[in-house]
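Worksheet: the structure to be examined is printed underneath.
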Amino acid sequence: MSALDTPITRRTAVQSMAGLVIGFYLPRGLRAASAAPTTAAPPFAPNAFVRISTDNTVTVLIKHIEFGQGPFTGLATLVAEELDADWSQVRAEHAPSNPELYKNLLFGVQGTGGSSAIANSYEQMRQAGATARAMLVDAAAKAWRVPASEITVERGVLRHARTKRQGRFGQFTEAAARLPVPSNVKLKDPSTFRLIGKDRSVKKLDAEAKTHGKTQFTLDIRERGMLTVVVARPPRFGARVASFDAADARAVRGVVDVRQIPTGVAVYADGFWPAVKARDKLRITWDESGAERRGSEQLVAEYRALAGSPGMVAAAHGDIDAALGRASRAIEAEFVFPYLAHATMEPLDGFLRWDGQRAVARFGSQIQTGDHQTIAKVLGLPFERVELETMLAGGSFGRRAQQTMHVAAELAEVAKAIGPGRSVKVVWTREDDMRGGYYRPLTVHRMRGAVQDGRVVAWSDTVVTQSLLKGSPFAGTIQNGVDPSSVEGSREIPYEIADFRCDLHTTDVGVPVLWWRSVGHTHTAYAVECFVDELLQVAGQDPVAGRLAMMGKAAREAGVLRAVADLARWSGPGPVNGRARGVAVVQSFNSYVAQIAEISLEGGLPRVHKVWCAVDCGVAVNPDVIRAQMEGGIGFGLGHALYAEITLDDGRPVQGNFDGYRSLRIHEMPVVEVTIVRSSEKPTGVGEPGVPPIAPAVANALGRLGVERPRRLPIVRRS
């Protein structure tokens with residue numbers, strides 16, 4: 001049984017509060033996500049997402065974690081649009097952990113990932129807002145004794161023109177709560193939207209508090225008697241504690257205890273500094289009999305050897321071997337991608353209070369259902385006796401979506417080891433986080449292609465990498481030995497090529513890996529877009545026109561490519577005046593993004609001056625958020641492509657902080673111009689799709705400057 005198989009008990013306790021709650025009744029223990037209790041009659045709650053109080057405040061309960069990608073604002077916009085709320089009175093809070101009420105409709109459990117927050121909630125949140133509006137209108141109609149059809153709502157005010165009556169939401173919430181819930185409400189026609197799709201129609205709900213330092217993150221939690229805990233973990237993946245001597249550590253002032261837990265040795269102290277100081281004094285003997293000892297160069301050599309032979313077929317049509325054999329010009333390329341850390345601004349941390357009977361956990365949980373069930377399992381508690389409060393988090397990029405729920409498990413093990421009655425806060429240092437594994441996998445692509453009569457006629461891509469899904473709750477999606485996340489973007493390219501094959505070698509390495517922002521597309525996009533550009537260059541084709549000629553069945557990819565070419569006033573790749581342009585177009589998470597990068601060489605190194613970006617993500621709920629996510633994705637992807645890698649030395653991760661794990665610096669951020677392609681398709685995600693195209697766009701610009709497209713990342717490698 002996996003951590004996600006634990007049965008869930010329906011919880012239906014009633015909580016009292018003033019106003020109208022469009023939300024399922026919440027249990028007493030989860031009042032942190034609700035208003036303060038009052039003596040008012042219990043509200044009626046037909047669904048789980050909206051709370052309207054008598055002071056006119058509209059609070060939207062957000063089932064997805066907010067770590068900078070915008071679900072607080074995006075999902076609240078959907079509710080406010082249908083509710084016709086006054087945005088200045090709209091608030092957002094994380095919903096409590098409850099997989100029955102708050103499951104991701106794409107995953108079946110409560111969690112955030114795959115750029116799915118808006119995509120899986122678009123109609124759900126609009127329905128919640130429309131239901132609340134209908135109930136308020138009905139309450140006003142009954143109070144004024146007029147037909148509901150004659151009442152209008154605008155910016156939180158209900159009006160009846162004929163009698164010149166008006167009132168705000170708060171005047172009708174208690175009456176609305178006593179009314180029957182409409183079973184079928186009508187949603188707005190998109191032509192009447194006031195907030196959705198409108199530029200600068202709303203301000204980000206979480207921006208002001210973050211800007212003024214008022215936002216509370218997990219690291220900010222303080223509680224009387226709380227212990228701060230740091231853990232000494234093995235220097236090599238797969239090692240275990242054989243023995244340890246904690247005498248010197250226990251002698252450090254402020255240290256309360258030292259205990260062994262499954263992941264290492266935990267030091268408990270009354271503050272962070274004594275905990276870290278004591279950890280440095282531990283003398284630990286590690287059992288490394290099961291540890292991974294290979295270094296990066298050995299792994300790369302093994303991967304390159306594997307790439308020389310076909311793997312498990314992920315997709316194929318035509319006869320690739322015959323096509324390569326008869327072509328007038330065959331081209332080969334090999335691309336090597338390093339392990340990458342997520343490098344979030346807020347390293348991992350977590351808080352837990354446990355009295356032996358109940359537990360309350362607070363941290364930036366990305367997969368609430370898995371974390372919740374893991375804590376319950378470790379502490380031997382029923383699911384309903386554990387509360388999980390999702391905190392705002394300082395980034396994730398996949399880091400907080402652990403398949404094995406290792407942070408939740410370690411947090412619970414730390415509490416269990418010292419026993420009930422003491423709250424604990426586990427803190428990972430930057431070095432702990434960066435050397436703690438769960439990286440973007442090391443990957444090799446071996447590409448073979450053929451050009452005939454100015455056309456690309458054959459394509460082969462052999463991928464060598466670790467599986468992200470093996471051993472995870474999503475392992476069932478592995479079919480015929482092919483992990484779909486390893487070949488996404490490689491087995492379904494947008495180009496029509498007569499003879500095609502994509503195959504996969506899945507390796508067994510003792511380095512823990514995890515989805516990294518844009519998952520498989522982070523390497524497949526580079527391999528595909530660099531290789532097609534190289535083939536088009538050999539064929540004498542323009543990078544934009546040549547791609548468009550092969551996109552007969554890829555209308556939306558062609559749409560963003562045309563849009564970005566228009567935005568950049570494309571007239572060819574150059575070089576012109578020492579600058580060249582490179583292009584890339586990628587579909588990921590059902591969103592379509594094309595980018596053009598303009599670069600020059602300064603001291604032999606690439607300097608990215610400007611990036612043009614076109615995105616088609618269906619209905620653009622919050623254009624400002626979409627542009628911000630494209631800009632952020634470009635900066636994130638560019639920094640990692642240029643500079644970042646985790647290297648292993650005899651199995652030990654070398655880089656531990658930003659002195660060795662180089663990121664993009666502020667003066668290196670290019671000017672970014674974004675255009676959003678108008679679409680009536682259902683909205684799709686924007687948290688990840690801005691990342692994949694930037695690296696190949698830069699590499700392709702380098703190719704037009706007469707420099708070979710980098711075959712091994714990062715582009716700027718340290719000797």
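Letters A, B, ... go to the chains of the structure tokens in the order shown; residues in each chain start at 1; ligands are counted from 1 in the same order.
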Please report, as a Markdown table, each residue of segment 115-232 of chain A lying at most 7 Å from segment 404-426 of chain A, together with the nearest pair of atoms and the separation in Å rounded to one decimal; use only C-alpha atoms, and order rows by chain and ascending residue number.
```
| residue | atom | partner | partner_atom | distance |
| --- | --- | --- | --- | --- |
| A:Gly225 | CA | A:Arg422 | CA | 6.7 |
| A:Met226 | CA | A:Ser423 | CA | 4.8 |
| A:Leu227 | CA | A:Val424 | CA | 4.8 |
| A:Thr228 | CA | A:Lys425 | CA | 4.9 |
| A:Val229 | CA | A:Val426 | CA | 4.6 |
| A:Val230 | CA | A:Val426 | CA | 5.9 |
```
Could you please take those selected residues and save all heavy atoms as a PDB file, in the first residue's frame?
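After the write, selection-v1.pdb holds the following:
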```
ATOM      1  N   GLY A 225       8.232  27.007  23.627  1.00  0.00           N
ATOM      2  CA  GLY A 225       8.659  25.636  23.837  1.00  0.00           C
ATOM      3  C   GLY A 225       9.042  24.900  22.568  1.00  0.00           C
ATOM      4  O   GLY A 225       9.442  23.723  22.622  1.00  0.00           O
ATOM      5  N   MET A 226       8.938  25.557  21.436  1.00  0.00           N
ATOM      6  CA  MET A 226       9.254  24.908  20.161  1.00  0.00           C
ATOM      7  C   MET A 226      10.748  24.600  20.060  1.00  0.00           C
ATOM      8  O   MET A 226      11.591  25.406  20.455  1.00  0.00           O
ATOM      9  CB  MET A 226       8.839  25.821  19.009  1.00  0.00           C
ATOM     10  CG  MET A 226       9.085  25.252  17.622  1.00  0.00           C
ATOM     11  SD  MET A 226       8.796  26.484  16.318  1.00  0.00           S
ATOM     12  CE  MET A 226      10.323  27.454  16.459  1.00  0.00           C
ATOM     13  N   LEU A 227      11.071  23.452  19.511  1.00  0.00           N
ATOM     14  CA  LEU A 227      12.456  23.063  19.281  1.00  0.00           C
ATOM     15  C   LEU A 227      12.790  23.211  17.799  1.00  0.00           C
ATOM     16  O   LEU A 227      11.997  22.828  16.934  1.00  0.00           O
ATOM     17  CB  LEU A 227      12.688  21.615  19.710  1.00  0.00           C
ATOM     18  CG  LEU A 227      12.471  21.310  21.193  1.00  0.00           C
ATOM     19  CD1 LEU A 227      12.643  19.818  21.447  1.00  0.00           C
ATOM     20  CD2 LEU A 227      13.437  22.118  22.052  1.00  0.00           C
ATOM     21  N   THR A 228      13.940  23.780  17.513  1.00  0.00           N
ATOM     22  CA  THR A 228      14.440  23.836  16.142  1.00  0.00           C
ATOM     23  C   THR A 228      15.328  22.622  15.917  1.00  0.00           C
ATOM     24  O   THR A 228      16.176  22.297  16.753  1.00  0.00           O
ATOM     25  CB  THR A 228      15.236  25.128  15.898  1.00  0.00           C
ATOM     26  OG1 THR A 228      14.365  26.246  16.095  1.00  0.00           O
ATOM     27  CG2 THR A 228      15.787  25.162  14.478  1.00  0.00           C
ATOM     28  N   VAL A 229      15.122  21.956  14.788  1.00  0.00           N
ATOM     29  CA  VAL A 229      15.811  20.690  14.522  1.00  0.00           C
ATOM     30  C   VAL A 229      16.538  20.771  13.191  1.00  0.00           C
ATOM     31  O   VAL A 229      15.968  21.201  12.183  1.00  0.00           O
ATOM     32  CB  VAL A 229      14.813  19.518  14.489  1.00  0.00           C
ATOM     33  CG1 VAL A 229      15.552  18.188  14.328  1.00  0.00           C
ATOM     34  CG2 VAL A 229      13.951  19.503  15.748  1.00  0.00           C
ATOM     35  N   VAL A 230      17.799  20.361  13.196  1.00  0.00           N
ATOM     36  CA  VAL A 230      18.527  20.126  11.953  1.00  0.00           C
ATOM     37  C   VAL A 230      18.983  18.676  11.958  1.00  0.00           C
ATOM     38  O   VAL A 230      19.188  18.080  13.017  1.00  0.00           O
ATOM     39  CB  VAL A 230      19.737  21.080  11.784  1.00  0.00           C
ATOM     40  CG1 VAL A 230      19.277  22.520  11.683  1.00  0.00           C
ATOM     41  CG2 VAL A 230      20.734  20.903  12.912  1.00  0.00           C
TER      42      VAL A 230
END
```
* **Nearby residues (only C-alpha atoms) at most 10 Å from Ala341 of chain A, same-chain spacing under 4 positions excluded, as a PyMOL selection string** => chain A and resi 397-399+433-441+513-514+516+640+644-646+655-656+661
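Distance annotation: of A:Gln357, A:Ser191, A:Ser485, A:Asn657, the residue with the minimal separation from Thr429 of chain A is A:Asn657; atom set is only C-alpha atoms.
Counting from atom CA of Gly706 of chain A, the distance to atom CA of Pro575 of chain A is 9.2 Å.
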task = Would you return as a VMD selection string the members of segment 115-306 of chain A that DSSP assigns to alpha helix (DSSP H) on this structure's backbone?
result = chain A and resid 117 to 144 173 to 177 207 to 211 247 to 250 272 to 280 296 to 306
TODO: For Thr507 of chain A, work out the shell of residues within 8 Å, counting only C-alpha atoms and skipping chain neighbours fewer than 5 positions away, then give it as a list of chain:residue names.
DONE: A:Val464, A:Thr465, A:Gln466, A:Ser467
Note to self: So that I can see what lies close to Ser679 of chain A, please list as a list in words the residues with an atom at most 12 Å from it, counting only C-alpha atoms and leaving out residues fewer than 6 positions away in the same chain.
What the structure shows: Pro190, Gly197, Arg556, Gly559, Val560, Ser591, Tyr592, Val615, Asp616, Cys617, Gly618, Val619, Ala620 and Val621 of chain A
Keeping C-alpha atoms for every residue in the selection just given, could you write it to a file as an mmCIF file, in the first residue's frame?
```cif
data_model
loop_
_atom_site.group_PDB
_atom_site.id
_atom_site.type_symbol
_atom_site.label_atom_id
_atom_site.label_comp_id
_atom_site.auth_asym_id
_atom_site.auth_seq_id
_atom_site.Cartn_x
_atom_site.Cartn_y
_atom_site.Cartn_z
ATOM 1 C CA PRO A 190 -17.143 35.373 -21.992
ATOM 2 C CA GLY A 197 -8.711 38.283 -19.585
ATOM 3 C CA ARG A 556 -1.267 26.207 -32.259
ATOM 4 C CA GLY A 559 0.277 30.229 -34.271
ATOM 5 C CA VAL A 560 2.713 31.154 -31.518
ATOM 6 C CA SER A 591 0.281 25.450 -23.482
ATOM 7 C CA TYR A 592 2.210 26.681 -26.506
ATOM 8 C CA VAL A 615 2.185 32.222 -25.478
ATOM 9 C CA ASP A 616 -1.115 30.494 -26.216
ATOM 10 C CA CYS A 617 -2.580 29.199 -22.965
ATOM 11 C CA GLY A 618 -6.239 29.251 -23.938
ATOM 12 C CA VAL A 619 -8.385 31.816 -22.163
ATOM 13 C CA ALA A 620 -5.951 34.235 -20.516
ATOM 14 C CA VAL A 621 -7.449 34.556 -17.023
#
```
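Going from atom CA of Asn56 of chain A over to atom CA of Phe363 of chain A, you cover 29.8 Å.
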Can I get the residues of segment 271-355 of chain A within 12 Å of segment 236-253 of chain A, each with the closest pair of atoms and their distance in Å to one decimal, using only C-alpha atoms, sorted chain first then ascending number, as CSV?
```
residue,atom,partner,partner_atom,distance
A:Gly271,CA,A:Arg253,CA,10.2
A:Phe272,CA,A:Arg253,CA,11.9
A:Trp273,CA,A:Arg253,CA,10.2
A:Pro274,CA,A:Val252,CA,6.6
A:Ala275,CA,A:Val252,CA,8.5
A:Val276,CA,A:Ala249,CA,9.6
A:Lys277,CA,A:Val252,CA,7.5
A:Ala278,CA,A:Ala249,CA,4.3
A:Arg279,CA,A:Ala249,CA,6.4
A:Asp280,CA,A:Ala249,CA,7.7
A:Lys281,CA,A:Ala249,CA,5.2
A:Leu282,CA,A:Ala246,CA,5.3
A:Arg283,CA,A:Asp245,CA,5.1
A:Ile284,CA,A:Phe244,CA,4.2
A:Thr285,CA,A:Ser243,CA,5.3
A:Trp286,CA,A:Val241,CA,4.8
A:Asp287,CA,A:Arg240,CA,5.1
A:Glu288,CA,A:Ala239,CA,4.5
A:Ser289,CA,A:Ala239,CA,7.0
A:Gly290,CA,A:Gly238,CA,5.5
A:Ala291,CA,A:Gly238,CA,4.2
A:Glu292,CA,A:Phe237,CA,5.8
A:Arg293,CA,A:Arg236,CA,7.5
A:Arg294,CA,A:Arg236,CA,10.1
A:Gly295,CA,A:Arg236,CA,10.9
```
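Of the residues in segment 115-240 of chain A, those that DSSP places in strand (DSSP E) on the basis of the backbone are Ile151, Thr152, Val153, Glu154, Val157, Leu158, Arg159, His160, Arg165, Gln166, Gly167, Arg168, Leu227, Thr228, Val229, Val230, Val231, Ala232 and Arg240 of chain A.
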